[in-house]
$ cat entry_2.pdb   # PDB, C-alpha atoms and all ligand atoms
ATOM      1  CA  MET Q  24     -19.604  16.020   0.867
ATOM      2  CA  GLY Q  25     -16.712  13.550   0.468
ATOM      3  CA  ARG Q  26     -16.841   9.838   1.169
ATOM      4  CA  LEU Q  27     -13.872  10.208   3.563
ATOM      5  CA  ASP Q  28     -14.847  13.416   5.353
ATOM      6  CA  GLY Q  29     -13.469  13.390   8.904
ATOM      7  CA  LYS Q  30     -10.884  10.687   8.229
ATOM      8  CA  ILE Q  31      -7.211  11.155   9.079
ATOM      9  CA  ALA Q  32      -5.301   8.787   6.830
ATOM     10  CA  VAL Q  33      -1.655   7.739   7.042
ATOM     11  CA  ILE Q  34      -0.282   6.370   3.781
ATOM     12  CA  THR Q  35       3.149   4.745   3.563
ATOM     13  CA  GLY Q  36       4.873   4.850   0.204
ATOM     14  CA  ALA Q  37       2.857   7.950  -0.712
ATOM     15  CA  GLY Q  38       5.672   9.351  -2.867
ATOM     16  CA  SER Q  39       4.810   7.473  -6.048
ATOM     17  CA  GLY Q  40       2.687   4.871  -7.820
ATOM     18  CA  ILE Q  41      -0.212   3.348  -5.916
ATOM     19  CA  GLY Q  42       0.488   5.248  -2.672
ATOM     20  CA  ARG Q  43       0.428   8.616  -4.449
ATOM     21  CA  ALA Q  44      -2.800   7.795  -6.317
ATOM     22  CA  VAL Q  45      -4.418   6.714  -3.046
ATOM     23  CA  ALA Q  46      -3.184   9.845  -1.246
ATOM     24  CA  VAL Q  47      -4.685  12.146  -3.894
ATOM     25  CA  MET Q  48      -7.971  10.238  -4.144
ATOM     26  CA  PHE Q  49      -8.324  10.101  -0.334
ATOM     27  CA  ALA Q  50      -7.790  13.880  -0.219
ATOM     28  CA  LYS Q  51     -10.327  14.459  -3.009
ATOM     29  CA  GLU Q  52     -12.837  12.494  -0.921
ATOM     30  CA  GLY Q  53     -12.237  14.706   2.117
ATOM     31  CA  ALA Q  54      -9.620  12.843   4.178
ATOM     32  CA  LYS Q  55      -6.671  14.685   5.683
ATOM     33  CA  VAL Q  56      -3.666  12.785   4.435
ATOM     34  CA  VAL Q  57      -0.314  12.071   6.093
ATOM     35  CA  CYS Q  58       2.148  11.126   3.356
ATOM     36  CA  ALA Q  59       4.986   8.904   4.572
ATOM     37  CA  ASN Q  60       7.930   7.930   2.432
ATOM     38  CA  ARG Q  61      11.670   8.545   2.339
ATOM     39  CA  ASN Q  62      12.225  10.810  -0.642
ATOM     40  CA  GLU Q  63      11.233  14.324   0.391
ATOM     41  CA  LYS Q  64      10.910  15.625  -3.172
ATOM     42  CA  ASP Q  65       8.471  12.840  -4.101
ATOM     43  CA  GLY Q  66       6.533  13.290  -0.861
ATOM     44  CA  ASN Q  67       6.187  17.009  -1.466
ATOM     45  CA  GLU Q  68       5.081  16.412  -5.072
ATOM     46  CA  THR Q  69       2.290  14.238  -3.738
ATOM     47  CA  LEU Q  70       1.365  17.042  -1.331
ATOM     48  CA  GLU Q  71       1.228  19.493  -4.254
ATOM     49  CA  GLN Q  72      -1.152  17.140  -6.079
ATOM     50  CA  ILE Q  73      -3.270  16.892  -2.928
ATOM     51  CA  ARG Q  74      -3.479  20.677  -2.693
ATOM     52  CA  ALA Q  75      -4.234  20.933  -6.416
ATOM     53  CA  VAL Q  76      -7.449  18.966  -5.850
ATOM     54  CA  GLY Q  77      -8.363  21.175  -2.881
ATOM     55  CA  GLY Q  78      -7.219  18.649  -0.287
ATOM     56  CA  GLU Q  79      -5.176  18.892   2.882
ATOM     57  CA  GLY Q  80      -2.178  16.918   4.091
ATOM     58  CA  ILE Q  81       1.347  16.824   5.427
ATOM     59  CA  TYR Q  82       4.527  15.025   4.479
ATOM     60  CA  VAL Q  83       6.538  13.171   7.144
ATOM     61  CA  SER Q  84       9.881  11.739   6.096
ATOM     62  CA  THR Q  85       9.621   8.056   7.023
ATOM     63  CA  ASP Q  86      11.664   4.951   6.430
ATOM     64  CA  VAL Q  87       9.476   2.039   7.540
ATOM     65  CA  ARG Q  88      12.638   0.052   8.280
ATOM     66  CA  LYS Q  89      13.339   2.405  11.193
ATOM     67  CA  LYS Q  90      11.235   2.146  14.348
ATOM     68  CA  SER Q  91      12.197   5.665  15.406
ATOM     69  CA  ASP Q  92      10.799   7.041  12.101
ATOM     70  CA  ILE Q  93       7.521   5.206  12.670
ATOM     71  CA  GLU Q  94       7.275   6.534  16.243
ATOM     72  CA  ASN Q  95       7.905  10.032  14.900
ATOM     73  CA  LEU Q  96       5.252   9.530  12.177
ATOM     74  CA  LEU Q  97       2.684   8.599  14.828
ATOM     75  CA  LYS Q  98       3.641  11.550  17.020
ATOM     76  CA  VAL Q  99       3.511  14.088  14.181
ATOM     77  CA  THR Q 100       0.146  12.691  13.011
ATOM     78  CA  LEU Q 101      -1.394  12.966  16.479
ATOM     79  CA  ASP Q 102       0.213  16.367  17.181
ATOM     80  CA  THR Q 103      -1.151  17.702  13.874
ATOM     81  CA  TYR Q 104      -4.586  16.143  13.675
ATOM     82  CA  GLY Q 105      -5.278  14.812  17.188
ATOM     83  CA  LYS Q 106      -6.294  11.357  15.939
ATOM     84  CA  VAL Q 107      -5.777   8.762  13.238
ATOM     85  CA  THR Q 108      -8.608   6.786  11.628
ATOM     86  CA  THR Q 109      -7.060   5.096   8.629
ATOM     87  CA  LEU Q 110      -3.775   3.345   7.822
ATOM     88  CA  PHE Q 111      -2.928   2.486   4.217
ATOM     89  CA  ASN Q 112       0.119   0.246   4.645
ATOM     90  CA  ASN Q 113       1.670   0.238   1.208
ATOM     91  CA  ALA Q 114       5.431   1.011   1.142
ATOM     92  CA  GLY Q 115       7.098  -1.867  -0.631
ATOM     93  CA  ILE Q 116       9.950  -2.979  -2.831
ATOM     94  CA  LEU Q 117      10.334  -5.747  -5.405
ATOM     95  CA  VAL Q 118      13.325  -7.997  -5.995
ATOM     96  CA  HIS Q 119      12.811 -10.060  -9.121
ATOM     97  CA  LYS Q 120      15.365 -12.882  -9.525
ATOM     98  CA  PRO Q 121      15.693 -16.625 -10.056
ATOM     99  CA  PHE Q 122      15.596 -18.509  -6.739
ATOM    100  CA  LEU Q 123      19.278 -19.468  -6.628
ATOM    101  CA  GLU Q 124      20.350 -15.878  -7.282
ATOM    102  CA  HIS Q 125      18.620 -14.505  -4.192
ATOM    103  CA  ASP Q 126      21.106 -13.653  -1.454
ATOM    104  CA  ASP Q 127      20.887 -12.702   2.217
ATOM    105  CA  GLU Q 128      20.831  -9.022   1.324
ATOM    106  CA  ASP Q 129      17.651  -9.539  -0.747
ATOM    107  CA  LEU Q 130      16.143 -11.527   2.118
ATOM    108  CA  ALA Q 131      16.923  -8.769   4.647
ATOM    109  CA  LYS Q 132      15.691  -5.948   2.370
ATOM    110  CA  LEU Q 133      12.404  -7.638   1.560
ATOM    111  CA  TYR Q 134      11.821  -8.754   5.139
ATOM    112  CA  GLU Q 135      12.565  -5.307   6.605
ATOM    113  CA  THR Q 136      10.370  -3.362   4.159
ATOM    114  CA  ASN Q 137       7.643  -5.720   2.974
ATOM    115  CA  PHE Q 138       7.002  -7.571   6.226
ATOM    116  CA  ARG Q 139       8.564  -5.932   9.296
ATOM    117  CA  GLY Q 140       7.660  -2.435   8.065
ATOM    118  CA  TYR Q 141       3.967  -3.390   7.791
ATOM    119  CA  TYR Q 142       4.087  -5.136  11.186
ATOM    120  CA  TRP Q 143       5.818  -2.228  12.954
ATOM    121  CA  MET Q 144       3.380   0.269  11.393
ATOM    122  CA  MET Q 145       0.393  -1.728  12.656
ATOM    123  CA  GLN Q 146       1.907  -2.202  16.127
ATOM    124  CA  ALA Q 147       2.587   1.513  16.409
ATOM    125  CA  PHE Q 148      -0.760   2.759  15.052
ATOM    126  CA  LEU Q 149      -3.216   0.196  16.450
ATOM    127  CA  PRO Q 150      -3.558   1.764  19.933
ATOM    128  CA  ALA Q 151      -4.572   5.106  18.367
ATOM    129  CA  LEU Q 152      -6.859   3.397  15.832
ATOM    130  CA  ILE Q 153      -8.538   1.473  18.664
ATOM    131  CA  ARG Q 154      -8.867   4.635  20.746
ATOM    132  CA  HIS Q 155     -10.717   6.329  17.887
ATOM    133  CA  GLY Q 156     -12.781   3.237  16.976
ATOM    134  CA  HIS Q 157     -14.584   2.992  13.650
ATOM    135  CA  SER Q 158     -11.156   2.882  11.992
ATOM    136  CA  SER Q 159      -9.406   0.770   9.371
ATOM    137  CA  ILE Q 160      -6.159  -0.664   8.097
ATOM    138  CA  THR Q 161      -5.657  -1.674   4.487
ATOM    139  CA  ASN Q 162      -2.519  -3.660   3.775
ATOM    140  CA  VAL Q 163      -1.254  -3.847   0.203
ATOM    141  CA  ALA Q 164      -0.091  -7.361  -0.686
ATOM    142  CA  SER Q 165       0.017  -8.690  -4.269
ATOM    143  CA  ILE Q 166      -1.333 -11.415  -6.521
ATOM    144  CA  SER Q 167       2.199 -12.824  -6.102
ATOM    145  CA  ALA Q 168       0.879 -13.977  -2.710
ATOM    146  CA  MET Q 169      -1.880 -15.980  -4.364
ATOM    147  CA  LYS Q 170      -0.686 -17.580  -7.572
ATOM    148  CA  PRO Q 171       2.446 -19.453  -8.592
ATOM    149  CA  GLU Q 172       4.974 -17.069 -10.090
ATOM    150  CA  SER Q 173       8.601 -17.283 -11.172
ATOM    151  CA  ASN Q 174      11.318 -14.937  -9.911
ATOM    152  CA  ALA Q 175       9.310 -13.382  -7.074
ATOM    153  CA  TYR Q 176       9.925 -16.074  -4.461
ATOM    154  CA  LEU Q 177      10.811 -13.947  -1.430
ATOM    155  CA  TYR Q 178       8.538 -11.066  -2.506
ATOM    156  CA  GLY Q 179       5.553 -13.389  -2.880
ATOM    157  CA  ALA Q 180       6.294 -15.188   0.397
ATOM    158  CA  PHE Q 181       6.311 -11.962   2.437
ATOM    159  CA  LYS Q 182       3.162 -10.732   0.660
ATOM    160  CA  ALA Q 183       1.467 -14.041   1.554
ATOM    161  CA  ALA Q 184       2.563 -13.523   5.169
ATOM    162  CA  ILE Q 185       0.893 -10.086   5.216
ATOM    163  CA  ASN Q 186      -2.284 -11.596   3.827
ATOM    164  CA  LYS Q 187      -2.354 -14.312   6.496
ATOM    165  CA  MET Q 188      -1.459 -12.024   9.389
ATOM    166  CA  THR Q 189      -4.135  -9.494   8.411
ATOM    167  CA  ARG Q 190      -6.848 -12.132   8.367
ATOM    168  CA  ASP Q 191      -5.706 -13.506  11.739
ATOM    169  CA  MET Q 192      -5.644 -10.029  13.270
ATOM    170  CA  ILE Q 193      -9.332  -9.286  12.708
ATOM    171  CA  ARG Q 194     -10.236 -11.678  15.532
ATOM    172  CA  GLU Q 195      -8.461  -9.458  18.020
ATOM    173  CA  PHE Q 196      -8.955  -6.005  16.552
ATOM    174  CA  SER Q 197     -12.290  -5.860  14.705
ATOM    175  CA  PRO Q 198     -14.211  -6.308  17.981
ATOM    176  CA  GLN Q 199     -12.222  -3.263  19.135
ATOM    177  CA  GLY Q 200     -13.382  -1.159  16.180
ATOM    178  CA  VAL Q 201     -10.609  -1.664  13.642
ATOM    179  CA  ARG Q 202     -11.387  -3.250  10.278
ATOM    180  CA  LEU Q 203      -8.413  -4.849   8.499
ATOM    181  CA  ASN Q 204      -8.369  -5.793   4.827
ATOM    182  CA  VAL Q 205      -5.887  -6.617   2.094
ATOM    183  CA  ILE Q 206      -5.690  -5.402  -1.480
ATOM    184  CA  CYS Q 207      -3.815  -7.660  -3.881
ATOM    185  CA  PRO Q 208      -2.940  -5.717  -7.031
ATOM    186  CA  GLY Q 209      -1.954  -7.385 -10.285
ATOM    187  CA  PRO Q 210       0.546  -5.742 -12.665
ATOM    188  CA  VAL Q 211       0.201  -1.976 -12.251
ATOM    189  CA  GLN Q 212       2.523   0.391 -14.140
ATOM    190  CA  THR Q 213       4.638   2.149 -11.482
ATOM    191  CA  ASN Q 214       8.286   2.634 -10.557
ATOM    192  CA  LEU Q 215       8.128  -0.866  -9.095
ATOM    193  CA  THR Q 216       7.504  -2.384 -12.532
ATOM    194  CA  PRO Q 217      10.756  -4.104 -13.560
ATOM    195  CA  GLU Q 218      12.858  -2.134 -16.089
ATOM    196  CA  TRP Q 219      12.566  -4.870 -18.704
ATOM    197  CA  VAL Q 220       8.784  -4.408 -18.667
ATOM    198  CA  ARG Q 221       8.634  -0.632 -18.118
ATOM    199  CA  ASN Q 222      10.888   0.214 -21.039
ATOM    200  CA  ASN Q 223       9.694  -2.417 -23.446
ATOM    201  CA  PRO Q 224       6.380  -1.787 -25.248
ATOM    202  CA  GLU Q 225       6.540  -5.229 -26.885
ATOM    203  CA  VAL Q 226       6.742  -7.000 -23.504
ATOM    204  CA  GLN Q 227       3.920  -4.786 -22.230
ATOM    205  CA  LYS Q 228       1.743  -5.757 -25.177
ATOM    206  CA  GLN Q 229       2.501  -9.425 -24.531
ATOM    207  CA  ILE Q 230       1.602  -9.090 -20.835
ATOM    208  CA  GLN Q 231      -1.600  -7.272 -21.709
ATOM    209  CA  LYS Q 232      -2.554 -10.061 -24.077
ATOM    210  CA  GLU Q 233      -1.436 -13.076 -22.074
ATOM    211  CA  VAL Q 234      -1.723 -11.968 -18.451
ATOM    212  CA  CYS Q 235      -4.628  -9.527 -18.221
ATOM    213  CA  PRO Q 236      -7.920 -10.653 -19.805
ATOM    214  CA  VAL Q 237      -9.138  -7.050 -19.486
ATOM    215  CA  GLY Q 238      -6.497  -6.204 -22.100
ATOM    216  CA  ARG Q 239      -4.410  -3.591 -20.312
ATOM    217  CA  LEU Q 240      -1.998  -3.234 -17.432
ATOM    218  CA  GLY Q 241      -3.316  -1.644 -14.254
ATOM    219  CA  LYS Q 242      -3.172   2.041 -13.373
ATOM    220  CA  PRO Q 243      -2.592   3.248  -9.801
ATOM    221  CA  ASP Q 244      -6.115   4.727  -9.790
ATOM    222  CA  ASP Q 245      -7.564   1.229 -10.357
ATOM    223  CA  ILE Q 246      -6.254   0.382  -6.883
ATOM    224  CA  ALA Q 247      -7.129   3.762  -5.359
ATOM    225  CA  TYR Q 248     -10.865   3.349  -6.110
ATOM    226  CA  ALA Q 249     -10.926   0.195  -3.959
ATOM    227  CA  ALA Q 250      -8.781   1.826  -1.283
ATOM    228  CA  VAL Q 251     -11.288   4.688  -0.951
ATOM    229  CA  TRP Q 252     -14.165   2.251  -0.591
ATOM    230  CA  LEU Q 253     -12.340   0.167   2.052
ATOM    231  CA  ALA Q 254     -11.455   3.290   4.047
ATOM    232  CA  SER Q 255     -14.990   4.670   3.856
ATOM    233  CA  ASP Q 256     -17.980   3.918   6.070
ATOM    234  CA  GLU Q 257     -19.539   2.188   3.038
ATOM    235  CA  ALA Q 258     -17.234  -0.734   3.934
ATOM    236  CA  ASP Q 259     -18.325  -0.809   7.574
ATOM    237  CA  TRP Q 260     -19.132  -4.543   7.348
ATOM    238  CA  VAL Q 261     -15.949  -5.453   5.459
ATOM    239  CA  THR Q 262     -13.077  -6.922   7.453
ATOM    240  CA  GLY Q 263     -10.684  -9.811   6.836
ATOM    241  CA  SER Q 264     -11.292  -9.529   3.095
ATOM    242  CA  THR Q 265      -8.695  -9.945   0.401
ATOM    243  CA  ILE Q 266      -9.628  -7.873  -2.614
ATOM    244  CA  VAL Q 267      -7.909  -8.840  -5.843
ATOM    245  CA  ILE Q 268      -7.649  -6.048  -8.430
ATOM    246  CA  ASP Q 269      -5.724  -7.407 -11.363
ATOM    247  CA  GLY Q 270      -7.580  -7.203 -14.683
ATOM    248  CA  GLY Q 271      -8.197 -10.937 -14.271
ATOM    249  CA  ALA Q 272      -4.497 -11.898 -14.058
ATOM    250  CA  CYS Q 273      -5.009 -14.240 -11.086
ATOM    251  CA  ASN Q 274      -7.202 -16.455 -13.238
ATOM    252  CA  MET Q 275      -4.636 -16.871 -16.006
ATOM    253  CA  GLY Q 276      -1.939 -19.568 -16.137
TER     254      GLY Q 276
HETATM  255  N1  LIG M   1       3.048  -2.107  -9.216
HETATM  256  C1  LIG M   1       2.633  -3.361  -9.162
HETATM  257  O1  LIG M   1       2.515  -4.051 -10.204
HETATM  258  C2  LIG M   1       2.274  -3.979  -7.838
HETATM  259  C3  LIG M   1       1.648  -5.233  -7.861
HETATM  260  C4  LIG M   1       1.325  -5.831  -6.655
HETATM  261  C5  LIG M   1       1.605  -5.195  -5.465
HETATM  262  N2  LIG M   1       2.222  -3.983  -5.468
HETATM  263  C6  LIG M   1       2.520  -3.362  -4.163
HETATM  264  O2  LIG M   1       2.028  -2.052  -4.126
HETATM  265  C7  LIG M   1       2.793  -1.280  -3.207
HETATM  266  C8  LIG M   1       3.165   0.046  -3.844
HETATM  267  O3  LIG M   1       4.011  -0.201  -4.949
HETATM  268  P1  LIG M   1       4.026   0.698  -6.278
HETATM  269  O4  LIG M   1       3.765  -0.215  -7.387
HETATM  270  O5  LIG M   1       3.202   1.890  -6.106
HETATM  271  O6  LIG M   1       5.586   1.042  -6.329
HETATM  272  P2  LIG M   1       6.400   2.412  -6.279
HETATM  273  O7  LIG M   1       5.869   3.370  -7.269
HETATM  274  O8  LIG M   1       7.822   2.004  -6.356
HETATM  275  O9  LIG M   1       6.070   2.970  -4.827
HETATM  276  C9  LIG M   1       6.625   2.414  -3.685
HETATM  277  C10 LIG M   1       6.644   3.477  -2.604
HETATM  278  O10 LIG M   1       7.155   2.884  -1.406
HETATM  279  C11 LIG M   1       8.119   3.758  -0.840
HETATM  280  N3  LIG M   1       9.071   2.996  -0.039
HETATM  281  C12 LIG M   1       9.879   1.984  -0.440
HETATM  282  N4  LIG M   1      10.626   1.575   0.596
HETATM  283  C13 LIG M   1      10.268   2.347   1.660
HETATM  284  C14 LIG M   1      10.682   2.404   3.001
HETATM  285  N5  LIG M   1      11.631   1.591   3.493
HETATM  286  N6  LIG M   1      10.112   3.311   3.817
HETATM  287  C15 LIG M   1       9.150   4.149   3.355
HETATM  288  N7  LIG M   1       8.721   4.142   2.098
HETATM  289  C16 LIG M   1       9.277   3.256   1.255
HETATM  290  C17 LIG M   1       8.758   4.460  -2.035
HETATM  291  O11 LIG M   1       9.255   5.734  -1.739
HETATM  292  P3  LIG M   1      10.686   6.110  -1.148
HETATM  293  O12 LIG M   1      11.674   5.253  -1.859
HETATM  294  O13 LIG M   1      10.795   7.575  -1.331
HETATM  295  O14 LIG M   1      10.592   5.786   0.313
HETATM  296  C18 LIG M   1       7.553   4.649  -2.939
HETATM  297  O15 LIG M   1       6.876   5.840  -2.569
HETATM  298  C19 LIG M   1       3.987  -2.148  -2.816
HETATM  299  O16 LIG M   1       3.769  -2.724  -1.552
HETATM  300  C20 LIG M   1       4.007  -3.222  -3.888
HETATM  301  O17 LIG M   1       4.578  -4.419  -3.439
HETATM  302  C21 LIG M   1       2.557  -3.349  -6.632
END
$ encode --input "entry_2.pdb" --output "structure tokens" --more "lines below"
Ligand SMILES: NC(=O)c1ccc[n+]([C@@H]2O[C@H](COP(=O)([O-])OP(=O)(O)OC[C@H]3O[C@@H](n4cnc5c(N)ncnc54)[C@H](OP(=O)(O)O)[C@@H]3O)[C@@H](O)[C@H]2O)c1
Amino acid sequence: MGRLDGKIAVITGAGSGIGRAVAVMFAKEGAKVVCANRNEKDGNETLEQIRAVGGEGIYVSTDVRKKSDIENLLKVTLDTYGKVTTLFNNAGILVHKPFLEHDDEDLAKLYETNFRGYYWMMQAFLPALIRHGHSSITNVASISAMKPESNAYLYGAFKAAINKMTRDMIREFSPQGVRLNVICPGPVQTNLTPEWVRNNPEVQKQIQKEVCPVGRLGKPDDIAYAAVWLASDEADWVTGSTIVIDGGACNMG
């Protein structure tokens, strides 16, 4: 018996990193998983991993910057599974630059993906989540929303906005059966990790030593364990929470 038996989970950004790890772990725990990202090859690789652990899912090509894609994602989910119980709102991008180098294109990209995409996903899926009841949304923000950081000004600001909006939303939606929580990851090794960190073992060692008291960078599974718990009935009394998973990075200078 899995901890997510009976759940129908939609995961944005399921084609790599944290989203893929969550998709596979959700499937292992019995959820049927709808993988939503843009790159079909990556989405299908996630599906293969889901099937390899004996799970079930589908891939729906989705760009969260397009409302029509989100409407299609909802329709395909309901046509396939008849309901949706769980939204893991995760698709995101990072632009890492000094403040004065940010331009309007960065602002638009980050707004459209990291804020409007989350907002549109919740607006589209909430009626179905309410209809089912006993459902949940987990939004992925970042420790960049919580601690001072250089070069992630717009990224951190939109992540903070997600954090705030999620906590506000519980007043309206938790009485209607939808729990909403936020996970704030610290530095996790994924495709989002800036090149100068990903390809530089010396920088990684320095980050491990100076940024993460636990002594290592995060792995996508570190986040997936919490995501499973938040999506499960074990977290039935958990809403409006911000869960920091960061090897202690938030507590460092
Ligand atoms: N890694 C970290 O250190 C870290 C720390 C804090 C927070 N986070 C957050 O964790 C989340 C996942 O990031 P990750 O680290 O797993 O990065 P990742 O490996 O780059 O994964 C990001 C996923 O989002 C998808 N995506 C990007 N733009 C999209 C769009 N417009 N529509 C649909 N899908 C889109 C990407 O796939 P396609 O390009 O195929 O669509 C990819 O599957 C992000 O919200 C990120 O901000 C990460």
$ closest_residue --input "entry_2.pdb" --among "Q:Phe196, Q:Tyr104, Q:Tyr248, Q:Phe138" --to "ligand LIG 1 (chain M)" --atoms "all atoms listed in the file"
Q:Phe138
$ residues_near_ligand --input "entry_2.pdb" --ligand "ligand LIG 1 (chain M)" --cutoff "9 Å" --atoms "all atoms listed in the file" --output "PyMOL selection string"
chain Q and resi 35-44+59-66+84-89+112-117+132+135-137+140+162-167+178+182+206-217+240-243+269
$ closest_residue --input "entry_2.pdb" --among "Q:Gly29, Q:Gly263, Q:Pro224, Q:Gly271" --to "Thr161 of chain Q" --atoms "only C-alpha atoms"
Q:Gly263
$ closest_residue --input "entry_2.pdb" --among "Q:Ala247, Q:Leu97, Q:Ile31, Q:Met275" --to "Val83 of chain Q" --atoms "only C-alpha atoms"
Q:Leu97
$ axis_aligned_box --input "entry_2.pdb" --around "segment 64-74 of chain Q" --padding-each-side "3 Å" --output "JSON"
{"center_x": 3.7, "center_y": 16.8, "center_z": -3.5, "size_x": 20.4, "size_y": 13.8, "size_z": 11.2}
$ residues_around --input "entry_2.pdb" --residues "segment 226-238 of chain Q" --least-positions-apart "6" --cutoff "6 Å" --atoms "only C-alpha atoms" --output "number ranges by chain"
Q: 220, 270-272
$ residues_around --input "entry_2.pdb" --residues "Thr100 of chain Q" --least-positions-apart "5" --cutoff "8 Å" --atoms "only C-alpha atoms" --output "ChimeraX atom specification"
/Q:33,57,105-107
$ write_last_selection --input "entry_2.pdb" --atoms "C-alpha atoms" --output "compact mmCIF listing (two decimals), keeping the file's coordinate frame"
# COMPACT_ATOMS: atom_id res chain seq x y z
CA VAL Q 33 -1.66 7.74 7.04
CA VAL Q 57 -0.31 12.07 6.09
CA GLY Q 105 -5.28 14.81 17.19
CA LYS Q 106 -6.29 11.36 15.94
CA VAL Q 107 -5.78 8.76 13.24
$ closest_residue --input "entry_2.pdb" --among "Q:Arg194, Q:Ala175, Q:Arg154, Q:Phe148" --to "His125 of chain Q" --atoms "only C-alpha atoms"
Q:Ala175
$ closest_residue --input "entry_2.pdb" --among "Q:Lys170, Q:Lys98, Q:Arg26, Q:Arg190" --to "Ala147 of chain Q" --atoms "all atoms listed in the file"
Q:Lys98
$ atom_distance --input "entry_2.pdb" --atom1 "atom CA of Ala32 of chain Q" --atom2 "atom CA of Leu110 of chain Q"
5.7 Å
$ closest_residue --input "entry_2.pdb" --among "Q:Ser159, Q:Asn186, Q:Ser197, Q:Thr69" --to "Ile266 of chain Q" --atoms "all atoms listed in the file"
Q:Asn186
$ residues_near_point --input "entry_2.pdb" --point "(-15.1, -6.3, 5.6)" --cutoff "12 Å" --atoms "all atoms listed in the file" --output "mmCIF file with C-alpha atoms, keeping the file's coordinate frame"
data_model
loop_
_atom_site.group_PDB
_atom_site.id
_atom_site.type_symbol
_atom_site.label_atom_id
_atom_site.label_comp_id
_atom_site.auth_asym_id
_atom_site.auth_seq_id
_atom_site.Cartn_x
_atom_site.Cartn_y
_atom_site.Cartn_z
ATOM 1 C CA SER Q 158 -11.156 2.882 11.992
ATOM 2 C CA SER Q 159 -9.406 0.770 9.371
ATOM 3 C CA ILE Q 160 -6.159 -0.664 8.097
ATOM 4 C CA THR Q 161 -5.657 -1.674 4.487
ATOM 5 C CA THR Q 189 -4.135 -9.494 8.411
ATOM 6 C CA ARG Q 190 -6.848 -12.132 8.367
ATOM 7 C CA ILE Q 193 -9.332 -9.286 12.708
ATOM 8 C CA SER Q 197 -12.290 -5.860 14.705
ATOM 9 C CA GLY Q 200 -13.382 -1.159 16.180
ATOM 10 C CA VAL Q 201 -10.609 -1.664 13.642
ATOM 11 C CA ARG Q 202 -11.387 -3.250 10.278
ATOM 12 C CA LEU Q 203 -8.413 -4.849 8.499
ATOM 13 C CA ASN Q 204 -8.369 -5.793 4.827
ATOM 14 C CA VAL Q 205 -5.887 -6.617 2.094
ATOM 15 C CA ILE Q 206 -5.690 -5.402 -1.480
ATOM 16 C CA TRP Q 252 -14.165 2.251 -0.591
ATOM 17 C CA LEU Q 253 -12.340 0.167 2.052
ATOM 18 C CA ALA Q 254 -11.455 3.290 4.047
ATOM 19 C CA SER Q 255 -14.990 4.670 3.856
ATOM 20 C CA ASP Q 256 -17.980 3.918 6.070
ATOM 21 C CA GLU Q 257 -19.539 2.188 3.038
ATOM 22 C CA ALA Q 258 -17.234 -0.734 3.934
ATOM 23 C CA ASP Q 259 -18.325 -0.809 7.574
ATOM 24 C CA TRP Q 260 -19.132 -4.543 7.348
ATOM 25 C CA VAL Q 261 -15.949 -5.453 5.459
ATOM 26 C CA THR Q 262 -13.077 -6.922 7.453
ATOM 27 C CA GLY Q 263 -10.684 -9.811 6.836
ATOM 28 C CA SER Q 264 -11.292 -9.529 3.095
ATOM 29 C CA THR Q 265 -8.695 -9.945 0.401
ATOM 30 C CA ILE Q 266 -9.628 -7.873 -2.614
#
$ decode --input "entry_2.pdb" --residues "segment 123-147 of chain Q" --atoms "C-alpha atoms" --output "PDB file, in the first residue's frame"
ATOM      1  CA  LEU Q 123      22.008  46.679 -12.812  1.00  0.00           C
ATOM      2  CA  GLU Q 124      22.450  44.006 -15.481  1.00  0.00           C
ATOM      3  CA  HIS Q 125      18.863  42.781 -15.246  1.00  0.00           C
ATOM      4  CA  ASP Q 126      16.792  43.927 -18.211  1.00  0.00           C
ATOM      5  CA  ASP Q 127      13.101  43.924 -19.113  1.00  0.00           C
ATOM      6  CA  GLU Q 128      13.464  40.577 -20.846  1.00  0.00           C
ATOM      7  CA  ASP Q 129      14.673  38.980 -17.581  1.00  0.00           C
ATOM      8  CA  LEU Q 130      11.793  40.638 -15.739  1.00  0.00           C
ATOM      9  CA  ALA Q 131       9.224  39.310 -18.239  1.00  0.00           C
ATOM     10  CA  LYS Q 132      10.712  35.782 -18.316  1.00  0.00           C
ATOM     11  CA  LEU Q 133      10.837  35.433 -14.550  1.00  0.00           C
ATOM     12  CA  TYR Q 134       7.407  36.975 -14.053  1.00  0.00           C
ATOM     13  CA  GLU Q 135       5.756  34.787 -16.712  1.00  0.00           C
ATOM     14  CA  THR Q 136       7.264  31.495 -15.499  1.00  0.00           C
ATOM     15  CA  ASN Q 137       7.982  31.886 -11.793  1.00  0.00           C
ATOM     16  CA  PHE Q 138       4.944  33.939 -10.810  1.00  0.00           C
ATOM     17  CA  ARG Q 139       2.210  34.061 -13.467  1.00  0.00           C
ATOM     18  CA  GLY Q 140       2.696  30.378 -14.340  1.00  0.00           C
ATOM     19  CA  TYR Q 141       2.107  29.348 -10.704  1.00  0.00           C
ATOM     20  CA  TYR Q 142      -0.881  31.712 -10.437  1.00  0.00           C
ATOM     21  CA  TRP Q 143      -2.490  30.525 -13.689  1.00  0.00           C
ATOM     22  CA  MET Q 144      -1.964  26.869 -12.702  1.00  0.00           C
ATOM     23  CA  MET Q 145      -3.701  27.432  -9.360  1.00  0.00           C
ATOM     24  CA  GLN Q 146      -6.558  29.411 -10.937  1.00  0.00           C
ATOM     25  CA  ALA Q 147      -7.129  26.675 -13.492  1.00  0.00           C
TER      26      ALA Q 147
END
